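Shown next: final26.pdb, containing PDB, C-alpha atoms.
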ATOM      1  CA  MET A   1     -12.715  45.762  42.990
ATOM      2  CA  ILE A   2     -16.228  44.371  42.572
ATOM      3  CA  THR A   3     -17.313  41.441  44.754
ATOM      4  CA  ARG A   4     -21.125  41.630  44.805
ATOM      5  CA  ARG A   5     -22.653  38.448  43.371
ATOM      6  CA  ALA A   6     -25.930  37.787  41.578
ATOM      7  CA  GLY A   7     -27.541  34.601  40.341
ATOM      8  CA  VAL A   8     -28.630  36.497  37.235
ATOM      9  CA  LEU A   9     -27.383  39.943  36.226
ATOM     10  CA  PRO A  10     -30.259  42.418  35.840
ATOM     11  CA  ALA A  11     -30.907  43.637  32.314
ATOM     12  CA  PRO A  12     -30.245  47.373  31.882
ATOM     13  CA  ASP A  13     -33.239  49.684  31.460
ATOM     14  CA  PRO A  14     -33.703  50.048  27.658
ATOM     15  CA  ILE A  15     -34.876  53.652  28.045
ATOM     16  CA  LEU A  16     -31.711  54.460  29.996
ATOM     17  CA  LEU A  17     -29.570  52.886  27.269
ATOM     18  CA  ALA A  18     -31.399  54.811  24.529
ATOM     19  CA  ASP A  19     -30.761  58.050  26.415
ATOM     20  CA  ALA A  20     -27.096  57.149  26.963
ATOM     21  CA  ALA A  21     -26.623  56.490  23.246
ATOM     22  CA  LEU A  22     -27.513  60.136  22.536
ATOM     23  CA  ALA A  23     -25.945  61.732  25.617
ATOM     24  CA  PRO A  24     -23.033  64.224  25.644
ATOM     25  CA  ASP A  25     -19.508  62.843  25.832
ATOM     26  CA  ASP A  26     -19.111  63.842  29.494
ATOM     27  CA  ALA A  27     -22.177  61.837  30.618
ATOM     28  CA  HIS A  28     -20.563  58.388  30.756
ATOM     29  CA  ASP A  29     -20.135  58.087  34.515
ATOM     30  CA  ARG A  30     -23.646  59.333  35.227
ATOM     31  CA  PHE A  31     -25.221  56.661  33.047
ATOM     32  CA  ALA A  32     -22.831  53.863  34.046
ATOM     33  CA  ALA A  33     -23.719  54.405  37.708
ATOM     34  CA  GLN A  34     -27.334  53.582  36.877
ATOM     35  CA  VAL A  35     -26.571  50.117  35.463
ATOM     36  CA  PRO A  36     -26.466  47.574  38.335
ATOM     37  CA  ALA A  37     -24.951  44.894  36.078
ATOM     38  CA  LEU A  38     -21.719  46.898  35.911
ATOM     39  CA  GLY A  39     -21.307  46.451  39.657
ATOM     40  CA  ALA A  40     -21.967  42.748  40.086
ATOM     41  CA  ILE A  41     -20.728  39.276  39.142
ATOM     42  CA  GLU A  42     -23.022  36.579  37.793
ATOM     43  CA  GLN A  43     -22.079  33.223  39.308
ATOM     44  CA  ARG A  44     -23.485  29.710  38.912
ATOM     45  CA  PRO A  45     -21.942  26.500  40.269
ATOM     46  CA  ALA A  46     -21.060  23.478  38.161
ATOM     47  CA  PRO A  47     -23.797  20.817  38.173
ATOM     48  CA  VAL A  48     -21.449  18.268  39.778
ATOM     49  CA  HIS A  49     -18.964  19.064  42.544
ATOM     50  CA  ARG A  50     -15.607  17.807  41.254
ATOM     51  CA  PRO A  51     -12.443  18.048  43.369
ATOM     52  CA  VAL A  52      -9.365  19.436  41.641
ATOM     53  CA  GLY A  53      -6.932  16.726  40.565
ATOM     54  CA  ALA A  54      -3.166  16.727  40.217
ATOM     55  CA  ARG A  55      -3.357  18.309  36.753
ATOM     56  CA  LEU A  56      -5.643  21.013  35.419
ATOM     57  CA  ARG A  57      -6.027  21.831  31.729
ATOM     58  CA  VAL A  58      -6.496  25.592  31.403
ATOM     59  CA  ALA A  59      -7.545  27.321  28.173
ATOM     60  CA  ALA A  60      -7.752  31.058  27.478
ATOM     61  CA  TRP A  61      -9.806  32.302  24.544
ATOM     62  CA  ASN A  62     -11.114  35.536  23.110
ATOM     63  CA  ALA A  63     -14.295  34.067  21.638
ATOM     64  CA  GLU A  64     -15.199  37.218  19.681
ATOM     65  CA  ARG A  65     -18.792  37.462  21.024
ATOM     66  CA  LEU A  66     -19.036  33.645  21.442
ATOM     67  CA  LYS A  67     -21.398  33.503  18.469
ATOM     68  CA  TYR A  68     -20.882  29.874  17.456
ATOM     69  CA  HIS A  69     -22.176  27.667  20.242
ATOM     70  CA  ALA A  70     -21.688  24.078  19.059
ATOM     71  CA  PRO A  71     -18.194  24.470  17.551
ATOM     72  CA  SER A  72     -17.102  26.520  20.592
ATOM     73  CA  ALA A  73     -18.164  23.711  22.921
ATOM     74  CA  ALA A  74     -16.320  21.196  20.742
ATOM     75  CA  LEU A  75     -13.198  23.376  20.724
ATOM     76  CA  LEU A  76     -13.048  23.552  24.540
ATOM     77  CA  ARG A  77     -14.198  20.035  25.396
ATOM     78  CA  ASP A  78     -10.817  18.991  26.855
ATOM     79  CA  ALA A  79     -10.453  21.997  29.174
ATOM     80  CA  ASP A  80     -11.052  21.908  32.923
ATOM     81  CA  VAL A  81     -10.995  25.701  33.159
ATOM     82  CA  VAL A  82     -11.689  28.321  30.489
ATOM     83  CA  LEU A  83     -10.516  31.925  30.868
ATOM     84  CA  LEU A  84     -12.994  33.513  28.484
ATOM     85  CA  THR A  85     -13.050  37.014  27.000
ATOM     86  CA  GLU A  86     -15.535  38.771  24.688
ATOM     87  CA  ALA A  87     -18.712  36.880  25.612
ATOM     88  CA  ASP A  88     -22.206  38.328  25.014
ATOM     89  CA  ILE A  89     -25.432  38.188  26.964
ATOM     90  CA  GLY A  90     -28.494  39.221  24.986
ATOM     91  CA  MET A  91     -26.813  40.704  21.904
ATOM     92  CA  ALA A  92     -28.415  40.417  18.462
ATOM     93  CA  ARG A  93     -25.026  39.628  16.883
ATOM     94  CA  SER A  94     -24.808  36.399  18.924
ATOM     95  CA  GLY A  95     -28.445  35.369  18.625
ATOM     96  CA  ASN A  96     -29.631  37.208  21.751
ATOM     97  CA  ARG A  97     -28.425  34.212  23.766
ATOM     98  CA  HIS A  98     -26.741  33.962  27.146
ATOM     99  CA  THR A  99     -23.619  32.645  25.467
ATOM    100  CA  VAL A 100     -21.713  31.905  28.685
ATOM    101  CA  ARG A 101     -24.551  29.899  30.224
ATOM    102  CA  ASP A 102     -25.016  27.946  27.012
ATOM    103  CA  LEU A 103     -21.313  27.096  26.775
ATOM    104  CA  ALA A 104     -20.967  26.254  30.453
ATOM    105  CA  GLU A 105     -23.963  23.932  30.387
ATOM    106  CA  ALA A 106     -22.653  22.166  27.286
ATOM    107  CA  LEU A 107     -19.301  21.583  29.014
ATOM    108  CA  GLY A 108     -20.704  20.666  32.429
ATOM    109  CA  MET A 109     -19.096  23.720  34.025
ATOM    110  CA  GLY A 110     -20.029  26.507  36.393
ATOM    111  CA  TRP A 111     -19.108  30.123  35.724
ATOM    112  CA  ALA A 112     -18.388  33.573  37.072
ATOM    113  CA  TYR A 113     -19.098  36.417  34.621
ATOM    114  CA  GLY A 114     -18.348  40.127  34.825
ATOM    115  CA  VAL A 115     -19.565  42.895  32.523
ATOM    116  CA  GLU A 116     -16.932  44.781  30.601
ATOM    117  CA  PHE A 117     -19.289  46.846  28.440
ATOM    118  CA  VAL A 118     -22.966  47.615  28.176
ATOM    119  CA  GLU A 119     -23.445  47.930  24.430
ATOM    120  CA  LEU A 120     -25.489  50.934  23.296
ATOM    121  CA  GLY A 121     -25.675  49.708  19.694
ATOM    122  CA  LEU A 122     -25.502  46.509  17.699
ATOM    123  CA  GLY A 123     -21.715  46.284  17.666
ATOM    124  CA  ASP A 124     -19.004  47.258  15.210
ATOM    125  CA  ALA A 125     -19.686  48.499  11.681
ATOM    126  CA  ARG A 126     -19.981  44.979  10.253
ATOM    127  CA  GLU A 127     -22.319  43.800  12.986
ATOM    128  CA  SER A 128     -24.449  46.927  12.734
ATOM    129  CA  GLU A 129     -24.941  46.237   9.043
ATOM    130  CA  TRP A 130     -25.566  42.503   9.444
ATOM    131  CA  HIS A 131     -28.134  42.959  12.247
ATOM    132  CA  ALA A 132     -29.659  46.275  11.234
ATOM    133  CA  ASP A 133     -33.255  45.046  11.611
ATOM    134  CA  GLU A 134     -32.697  43.460  15.044
ATOM    135  CA  ASP A 135     -32.552  44.632  18.664
ATOM    136  CA  ASN A 136     -30.452  43.651  21.659
ATOM    137  CA  ARG A 137     -32.559  42.072  24.393
ATOM    138  CA  VAL A 138     -29.998  42.767  27.136
ATOM    139  CA  GLY A 139     -26.805  44.278  25.693
ATOM    140  CA  LEU A 140     -24.040  42.906  27.961
ATOM    141  CA  HIS A 141     -20.509  42.018  26.874
ATOM    142  CA  GLY A 142     -17.797  40.760  29.195
ATOM    143  CA  ASN A 143     -15.351  38.194  30.495
ATOM    144  CA  ALA A 144     -15.808  34.969  32.435
ATOM    145  CA  ILE A 145     -14.153  32.036  34.131
ATOM    146  CA  LEU A 146     -15.742  28.644  33.413
ATOM    147  CA  SER A 147     -14.744  25.658  35.526
ATOM    148  CA  ARG A 148     -15.582  22.003  36.145
ATOM    149  CA  HIS A 149     -14.568  22.672  39.766
ATOM    150  CA  PRO A 150     -16.100  25.086  42.314
ATOM    151  CA  LEU A 151     -15.147  28.752  41.855
ATOM    152  CA  LEU A 152     -14.747  30.668  45.114
ATOM    153  CA  ASP A 153     -14.497  34.386  45.955
ATOM    154  CA  PRO A 154     -14.958  35.852  42.445
ATOM    155  CA  VAL A 155     -13.760  39.432  41.949
ATOM    156  CA  VAL A 156     -13.928  41.885  39.049
ATOM    157  CA  ILE A 157     -10.804  44.045  38.671
ATOM    158  CA  PRO A 158     -11.291  47.296  36.668
ATOM    159  CA  LEU A 159      -8.284  48.006  34.452
ATOM    160  CA  ASP A 160      -9.149  51.576  33.481
ATOM    161  CA  ALA A 161     -11.405  54.437  34.600
ATOM    162  CA  GLY A 162     -14.098  53.575  32.038
ATOM    163  CA  GLY A 163     -15.552  55.635  29.229
ATOM    164  CA  THR A 164     -12.888  55.019  26.576
ATOM    165  CA  TRP A 165     -15.564  53.648  24.220
ATOM    166  CA  PHE A 166     -18.098  56.397  24.996
ATOM    167  CA  ALA A 167     -16.665  59.857  24.386
ATOM    168  CA  GLY A 168     -16.350  60.781  20.722
ATOM    169  CA  ARG A 169     -18.393  57.800  19.554
ATOM    170  CA  SER A 170     -21.834  57.870  18.061
ATOM    171  CA  GLY A 171     -23.475  54.895  16.435
ATOM    172  CA  ASN A 172     -21.138  51.929  16.158
ATOM    173  CA  GLN A 173     -19.814  50.557  19.459
ATOM    174  CA  ARG A 174     -20.645  53.352  21.855
ATOM    175  CA  ARG A 175     -20.425  51.632  25.214
ATOM    176  CA  LEU A 176     -20.730  52.085  28.968
ATOM    177  CA  GLY A 177     -17.991  50.482  31.052
ATOM    178  CA  GLY A 178     -14.312  49.744  30.691
ATOM    179  CA  ARG A 179     -11.688  47.034  30.452
ATOM    180  CA  MET A 180     -11.569  44.547  33.282
ATOM    181  CA  ALA A 181     -10.327  41.220  34.553
ATOM    182  CA  ILE A 182     -12.230  38.633  36.561
ATOM    183  CA  ALA A 183     -10.550  36.445  39.188
ATOM    184  CA  ALA A 184     -11.665  33.502  41.314
ATOM    185  CA  ARG A 185     -10.098  30.917  43.607
ATOM    186  CA  LEU A 186     -10.028  27.147  43.166
ATOM    187  CA  ASP A 187      -9.999  24.853  46.173
ATOM    188  CA  ALA A 188      -6.959  22.973  44.851
ATOM    189  CA  PRO A 189      -4.311  20.889  46.670
ATOM    190  CA  ARG A 190      -2.191  24.056  46.581
ATOM    191  CA  PRO A 191      -3.909  27.470  46.767
ATOM    192  CA  LEU A 192      -4.670  28.502  43.190
ATOM    193  CA  TRP A 193      -6.214  31.668  41.742
ATOM    194  CA  LEU A 194      -7.481  32.045  38.178
ATOM    195  CA  VAL A 195      -7.614  35.392  36.348
ATOM    196  CA  ALA A 196      -9.163  36.162  32.934
ATOM    197  CA  ALA A 197      -8.056  39.539  31.577
ATOM    198  CA  HIS A 198      -8.792  41.695  28.542
ATOM    199  CA  LEU A 199      -6.569  44.716  27.870
ATOM    200  CA  GLU A 200      -7.539  47.644  25.675
ATOM    201  CA  SER A 201      -7.348  47.126  21.911
ATOM    202  CA  HIS A 202      -7.567  50.777  20.793
ATOM    203  CA  SER A 203      -4.422  51.733  22.635
ATOM    204  CA  ASP A 204      -0.641  51.538  22.581
ATOM    205  CA  ALA A 205       2.046  49.568  24.376
ATOM    206  CA  ALA A 206       2.505  52.212  27.069
ATOM    207  CA  ASP A 207      -1.172  52.132  27.967
ATOM    208  CA  ARG A 208      -1.225  48.328  28.012
ATOM    209  CA  CYS A 209       1.752  48.488  30.348
ATOM    210  CA  ARG A 210      -0.193  50.774  32.716
ATOM    211  CA  GLN A 211      -3.152  48.388  32.633
ATOM    212  CA  GLY A 212      -0.763  45.538  33.401
ATOM    213  CA  GLU A 213       0.588  47.433  36.394
ATOM    214  CA  ARG A 214      -2.951  47.964  37.670
ATOM    215  CA  LEU A 215      -3.743  44.283  37.173
ATOM    216  CA  VAL A 216      -0.601  43.102  38.978
ATOM    217  CA  ALA A 217      -1.249  45.467  41.893
ATOM    218  CA  ALA A 218      -4.790  44.118  42.259
ATOM    219  CA  VAL A 219      -3.636  40.488  42.080
ATOM    220  CA  ASP A 220      -0.978  41.193  44.718
ATOM    221  CA  ARG A 221      -3.638  42.620  47.042
ATOM    222  CA  LEU A 222      -6.029  39.763  46.381
ATOM    223  CA  VAL A 223      -3.801  36.681  46.395
ATOM    224  CA  PRO A 224      -1.952  35.544  49.544
ATOM    225  CA  ALA A 225       1.823  35.411  49.293
ATOM    226  CA  GLY A 226       3.013  32.162  47.748
ATOM    227  CA  ALA A 227      -0.363  31.131  46.345
ATOM    228  CA  GLY A 228      -0.454  29.988  42.733
ATOM    229  CA  VAL A 229      -1.870  32.212  39.996
ATOM    230  CA  VAL A 230      -2.840  31.385  36.413
ATOM    231  CA  LEU A 231      -3.488  34.545  34.424
ATOM    232  CA  GLY A 232      -4.726  34.377  30.845
ATOM    233  CA  GLY A 233      -6.624  36.218  28.179
ATOM    234  CA  ASP A 234      -6.361  38.745  25.390
ATOM    235  CA  PHE A 235      -3.586  41.209  26.187
ATOM    236  CA  ASN A 236      -3.745  42.886  22.753
ATOM    237  CA  THR A 237       0.054  42.813  22.517
ATOM    238  CA  LYS A 238       0.157  44.034  18.940
ATOM    239  CA  GLU A 239       3.909  44.514  19.003
ATOM    240  CA  ALA A 240       4.577  40.903  20.052
ATOM    241  CA  SER A 241       5.441  38.685  17.093
ATOM    242  CA  GLY A 242       5.058  35.409  18.937
ATOM    243  CA  SER A 243       8.593  34.901  20.234
ATOM    244  CA  LEU A 244       8.622  33.676  23.831
ATOM    245  CA  GLU A 245      12.177  34.773  24.540
ATOM    246  CA  ALA A 246      11.909  38.538  24.187
ATOM    247  CA  PRO A 247       8.368  39.807  23.573
ATOM    248  CA  GLU A 248       8.499  43.323  22.233
ATOM    249  CA  GLU A 249       6.203  45.012  24.786
ATOM    250  CA  PRO A 250       7.013  46.624  28.163
ATOM    251  CA  LEU A 251       4.015  44.793  29.663
ATOM    252  CA  PHE A 252       6.184  41.670  29.878
ATOM    253  CA  ALA A 253       8.738  43.413  32.079
ATOM    254  CA  VAL A 254       5.926  44.318  34.486
ATOM    255  CA  LEU A 255       4.738  40.710  34.634
ATOM    256  CA  ARG A 256       8.261  39.287  34.875
ATOM    257  CA  ASP A 257       9.129  41.635  37.759
ATOM    258  CA  ALA A 258       5.923  40.524  39.502
ATOM    259  CA  GLY A 259       7.076  36.892  39.319
ATOM    260  CA  PHE A 260       5.036  35.699  36.333
ATOM    261  CA  ASP A 261       6.387  33.275  33.738
ATOM    262  CA  TRP A 262       5.100  32.814  30.185
ATOM    263  CA  ARG A 263       7.759  30.628  28.571
ATOM    264  CA  ARG A 264       6.559  27.304  30.000
ATOM    265  CA  CYS A 265       2.847  27.838  29.424
ATOM    266  CA  ASN A 266       2.720  29.163  25.834
ATOM    267  CA  ALA A 267       3.625  27.678  22.475
ATOM    268  CA  PRO A 268       5.429  30.184  20.207
ATOM    269  CA  GLY A 269       3.709  31.893  17.309
ATOM    270  CA  PRO A 270       0.873  34.344  16.615
ATOM    271  CA  THR A 271      -2.691  33.815  17.832
ATOM    272  CA  GLN A 272      -4.715  35.864  15.339
ATOM    273  CA  ARG A 273      -6.820  34.280  12.606
ATOM    274  CA  THR A 274      -8.679  35.525   9.505
ATOM    275  CA  ARG A 275     -12.480  35.325   9.812
ATOM    276  CA  PRO A 276     -14.789  34.122   7.027
ATOM    277  CA  ASP A 277     -15.404  37.779   6.049
ATOM    278  CA  GLY A 278     -11.701  38.110   5.130
ATOM    279  CA  THR A 279     -10.568  40.178   8.111
ATOM    280  CA  PRO A 280      -8.098  40.619   9.693
ATOM    281  CA  LEU A 281      -5.276  39.998   7.239
ATOM    282  CA  PRO A 282      -1.684  38.962   8.018
ATOM    283  CA  PRO A 283       0.861  39.716   9.335
ATOM    284  CA  PHE A 284      -0.492  38.452  12.649
ATOM    285  CA  ALA A 285       0.674  39.204  16.189
ATOM    286  CA  ARG A 286       0.474  37.177  19.366
ATOM    287  CA  LEU A 287      -2.341  38.807  21.332
ATOM    288  CA  ASP A 288      -3.276  35.950  23.683
ATOM    289  CA  TRP A 289      -1.196  34.592  26.549
ATOM    290  CA  LEU A 290      -1.093  32.469  29.662
ATOM    291  CA  PHE A 291       1.057  33.539  32.623
ATOM    292  CA  THR A 292       1.790  31.539  35.779
ATOM    293  CA  ARG A 293       3.191  32.415  39.202
ATOM    294  CA  HIS A 294       4.095  29.940  41.973
ATOM    295  CA  VAL A 295       2.707  27.112  39.887
ATOM    296  CA  ALA A 296       4.215  24.765  37.314
ATOM    297  CA  ALA A 297       2.878  24.294  33.781
ATOM    298  CA  GLU A 298       3.513  21.908  30.912
ATOM    299  CA  ALA A 299       2.173  20.897  27.482
ATOM    300  CA  PRO A 300       1.474  24.390  26.086
ATOM    301  CA  GLU A 301      -0.588  24.505  22.909
ATOM    302  CA  THR A 302      -2.198  26.954  20.498
ATOM    303  CA  ILE A 303      -5.483  25.507  19.215
ATOM    304  CA  ALA A 304      -7.009  26.665  15.930
ATOM    305  CA  ALA A 305     -10.385  28.337  16.549
ATOM    306  CA  VAL A 306     -12.200  26.713  13.648
ATOM    307  CA  ASP A 307     -15.298  24.561  13.193
ATOM    308  CA  ALA A 308     -15.449  21.063  11.713
ATOM    309  CA  ALA A 309     -15.322  22.502   8.188
ATOM    310  CA  GLY A 310     -12.243  24.619   8.969
ATOM    311  CA  ALA A 311     -14.078  27.974   9.094
ATOM    312  CA  ALA A 312     -12.916  30.425  11.774
ATOM    313  CA  ILE A 313     -15.262  30.901  14.726
ATOM    314  CA  SER A 314     -13.185  33.743  16.190
ATOM    315  CA  ASP A 315     -10.334  35.959  15.075
ATOM    316  CA  HIS A 316      -8.331  34.592  18.045
ATOM    317  CA  ASP A 317      -7.027  31.070  18.538
ATOM    318  CA  VAL A 318      -7.159  29.306  21.907
ATOM    319  CA  VAL A 319      -4.057  29.113  24.106
ATOM    320  CA  ALA A 320      -3.891  26.226  26.585
ATOM    321  CA  ALA A 321      -1.546  24.520  29.035
ATOM    322  CA  THR A 322      -1.648  21.945  31.807
ATOM    323  CA  VAL A 323      -1.133  23.292  35.331
ATOM    324  CA  LEU A 324       0.283  20.988  38.024
ATOM    325  CA  THR A 325      -1.673  21.347  41.248
ATOM    326  CA  GLY A 326      -0.465  18.600  43.585
ATOM    327  CA  ALA A 327       2.815  17.264  44.991
ATOM    328  CA  ALA A 328       4.484  17.487  41.568
ATOM    329  CA  ALA A 329       3.772  21.207  41.556
ATOM    330  CA  GLU A 330       5.403  21.611  44.981
ATOM    331  CA  ARG A 331       8.617  19.996  43.721
ATOM    332  CA  VAL A 332       8.761  21.989  40.479
ATOM    333  CA  VAL A 333       8.038  25.334  42.175
ATOM    334  CA  ALA A 334      10.606  24.591  44.897
ATOM    335  CA  ALA A 335      13.232  23.697  42.284
ATOM    336  CA  GLY A 336      12.528  26.946  40.440
ATOM    337  CA  ALA A 337      12.921  28.969  43.623
ATOM    338  CA  GLU A 338      16.267  27.304  44.403
ATOM    339  CA  ALA A 339      17.496  27.967  40.849
TER     340      ALA A 339
END
Please render this file's structure as structure tokens.
Amino acid sequence: MITRRAGVLPAPDPILLADAALAPDDAHDRFAAQVPALGAIEQRPAPVHRPVGARLRVAAWNAERLKYHAPSAALLRDADVVLLTEADIGMARSGNRHTVRDLAEALGMGWAYGVEFVELGLGDARESEWHADEDNRVGLHGNAILSRHPLLDPVVIPLDAGGTWFAGRSGNQRRLGGRMAIAARLDAPRPLWLVAAHLESHSDAADRCRQGERLVAAVDRLVPAGAGVVLGGDFNTKEASGSLEAPEEPLFAVLRDAGFDWRRCNAPGPTQRTRPDGTPLPPFARLDWLFTRHVAAEAPETIAAVDAAGAAISDHDVVAATVLTGAAAERVVAAGAEA
């Protein structure tokens, strides 16, 4: 697990990235080891120190690069915490902005950000065509936790060995790095940990199950017994239709056996959405989830990821719920344990 913190992640050496883009398939680890940003967490505090109240509105969203700043800020304005996946720093496809900093500042939040991939190109085939005459200024892509309240002890949890998006790829989306989750602690009335996770998309249910096992093992090592956990993000559960009673992936058995609940913190239904370019097309799956352990949740909601005109700003909708953090949480959790 990665715990080293930086005020600003260092930009990778562009010459190193150019060499990596043309390197043999077995060179991933050699190049990844030379990118300091892959071994650190960028953290900034919220501008105002706000104590955690009795209720905490938590949203999880795959922002698909976080390209649309103003509508994204409007979409998340009611959240106290955002578990964010697929956020760029210095990518041409998202305006070469620090998308996490921009969003956090608009919402009055602090953040902890970890790098999932160092992009060696402009993105997928569509993005490479749309931005063919542009360059990435930094080339980072990753996951973050944004919060109105102080984030303590941030940790990046690797979910695979890295290199899945390197070997056998040339041109579009050759990358250094691997899937990961980022976790941090809130100083709440009851101990509470937040985890934003992103499981592999080019994979199958068995591999997602293995990543889930690795994630649960890391959370169990990190979080003291009995402390609350809110886990959310894009789990790429392509075989899950949206039913909360019996999701069709073995990943859910892993999470259930580890004490996580999803029925009280998710509204039923799929979470995918068609983008303005016409992709993806239905039928849609439920890829995005919240999970809770030793904490009570209420008011689950799936929020359409669209701008004021109704145009999609991501191919994933937002999932959100209210987490009880005070005396009410103690009573609900105790009642659940007795049942």
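Here the question is which of A:Asp317, A:Glu239, A:Asp102, A:Glu298 gets nearest to A:Thr271 using all atoms listed in the file, and that residue is A:Asp317.
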Handout entry: Top pick for closest residue to A:Ile303, considering A:Pro191, A:Pro270, A:Pro14, A:Gly178 and counting only C-alpha atoms
Key =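 Ranking A:Pro191, A:Pro270, A:Pro14, A:Gly178 by distance to A:Ile303, first place goes to A:Pro270.
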Check which residues satisfy the PyMOL selection byres ((chain A and resi 69) around 10) in the file shown, then give them as an NGL selection string.
:A and (66-68 or 70-75 or 94 or 97 or 99-100 or 102-103 or 106 or 313)
Write out as an mmCIF file with C-alpha atoms, in the coordinates of the input which residues come within 6 Å of stretch 76-89 of chain A when counting all atoms listed in the file, dropping same-chain ones fewer than 6 positions away.
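Contents of around05.cif, as written:
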data_model
loop_
_atom_site.group_PDB
_atom_site.id
_atom_site.type_symbol
_atom_site.label_atom_id
_atom_site.label_comp_id
_atom_site.auth_asym_id
_atom_site.auth_seq_id
_atom_site.Cartn_x
_atom_site.Cartn_y
_atom_site.Cartn_z
ATOM 1 C CA ARG A 57 -6.027 21.831 31.729
ATOM 2 C CA VAL A 58 -6.496 25.592 31.403
ATOM 3 C CA ALA A 59 -7.545 27.321 28.173
ATOM 4 C CA ALA A 60 -7.752 31.058 27.478
ATOM 5 C CA TRP A 61 -9.806 32.302 24.544
ATOM 6 C CA ASN A 62 -11.114 35.536 23.110
ATOM 7 C CA ALA A 63 -14.295 34.067 21.638
ATOM 8 C CA GLU A 64 -15.199 37.218 19.681
ATOM 9 C CA ARG A 65 -18.792 37.462 21.024
ATOM 10 C CA LEU A 66 -19.036 33.645 21.442
ATOM 11 C CA ARG A 97 -28.425 34.212 23.766
ATOM 12 C CA HIS A 98 -26.741 33.962 27.146
ATOM 13 C CA THR A 99 -23.619 32.645 25.467
ATOM 14 C CA LEU A 140 -24.040 42.906 27.961
ATOM 15 C CA HIS A 141 -20.509 42.018 26.874
ATOM 16 C CA GLY A 142 -17.797 40.760 29.195
ATOM 17 C CA ASN A 143 -15.351 38.194 30.495
ATOM 18 C CA ALA A 144 -15.808 34.969 32.435
ATOM 19 C CA ILE A 145 -14.153 32.036 34.131
ATOM 20 C CA LEU A 146 -15.742 28.644 33.413
ATOM 21 C CA SER A 147 -14.744 25.658 35.526
ATOM 22 C CA ARG A 148 -15.582 22.003 36.145
ATOM 23 C CA ALA A 196 -9.163 36.162 32.934
#
re atom CA of A:Glu248 and atom CA of A:Arg210: distance 15.5 Å
query: For this file, the PyMOL selection byres ((chain A and resi 219-234) around 7) selects which residues, as a ChimeraX atom specification?
result: /A:60-62,83-85,191-199,215-218,235-236,287-295
Of the candidates A:Pro300, A:Ala285, A:Ser241, A:Asp187, which shows the shortest atom-to-atom distance to A:Arg263, using only C-alpha atoms?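 Selected residue with least distance to A:Arg263: A:Pro300.
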Closest of A:Leu56, A:Ala20, A:Pro276, A:Met109 to A:Phe166, counting all atoms listed in the file, is A:Ala20
One decimal place gives the atom CA of A:Arg44-atom CA of A:Ala112 separation as 6.7 Å
query = Can you tell me how far atom CA of A:Gly163 sits from atom CA of A:Arg275, in Å to one decimal?
reply =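 Interatomic distance, atom CA of A:Gly163 to atom CA of A:Arg275: 28.3 Å.
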Among A:Gly110, A:Glu105, A:Arg93, A:Ser203, A:Ala125 is approached most closely, using all atoms listed in the file, by A:Arg93
For this session: Just the residues within 10 Å of stretch 26-33 of chain A, please, counting only C-alpha atoms, with nothing from its chain fewer than 3 positions along; format it as a PyMOL selection string.
Result: chain A and resi 16-17+19-23+36-39+117-118+161-168+175-177
Could the residues in this selection be written to a file with C-alpha atoms, as a tab-separated table (two decimals), keeping the file's coordinate frame?
chain	number	residue	atom	x	y	z
A	16	LEU	CA	-31.71	54.46	30.00
A	17	LEU	CA	-29.57	52.89	27.27
A	19	ASP	CA	-30.76	58.05	26.42
A	20	ALA	CA	-27.10	57.15	26.96
A	21	ALA	CA	-26.62	56.49	23.25
A	22	LEU	CA	-27.51	60.14	22.54
A	23	ALA	CA	-25.94	61.73	25.62
A	36	PRO	CA	-26.47	47.57	38.34
A	37	ALA	CA	-24.95	44.89	36.08
A	38	LEU	CA	-21.72	46.90	35.91
A	39	GLY	CA	-21.31	46.45	39.66
A	117	PHE	CA	-19.29	46.85	28.44
A	118	VAL	CA	-22.97	47.62	28.18
A	161	ALA	CA	-11.40	54.44	34.60
A	162	GLY	CA	-14.10	53.58	32.04
A	163	GLY	CA	-15.55	55.64	29.23
A	164	THR	CA	-12.89	55.02	26.58
A	165	TRP	CA	-15.56	53.65	24.22
A	166	PHE	CA	-18.10	56.40	25.00
A	167	ALA	CA	-16.66	59.86	24.39
A	168	GLY	CA	-16.35	60.78	20.72
A	175	ARG	CA	-20.42	51.63	25.21
A	176	LEU	CA	-20.73	52.08	28.97
A	177	GLY	CA	-17.99	50.48	31.05
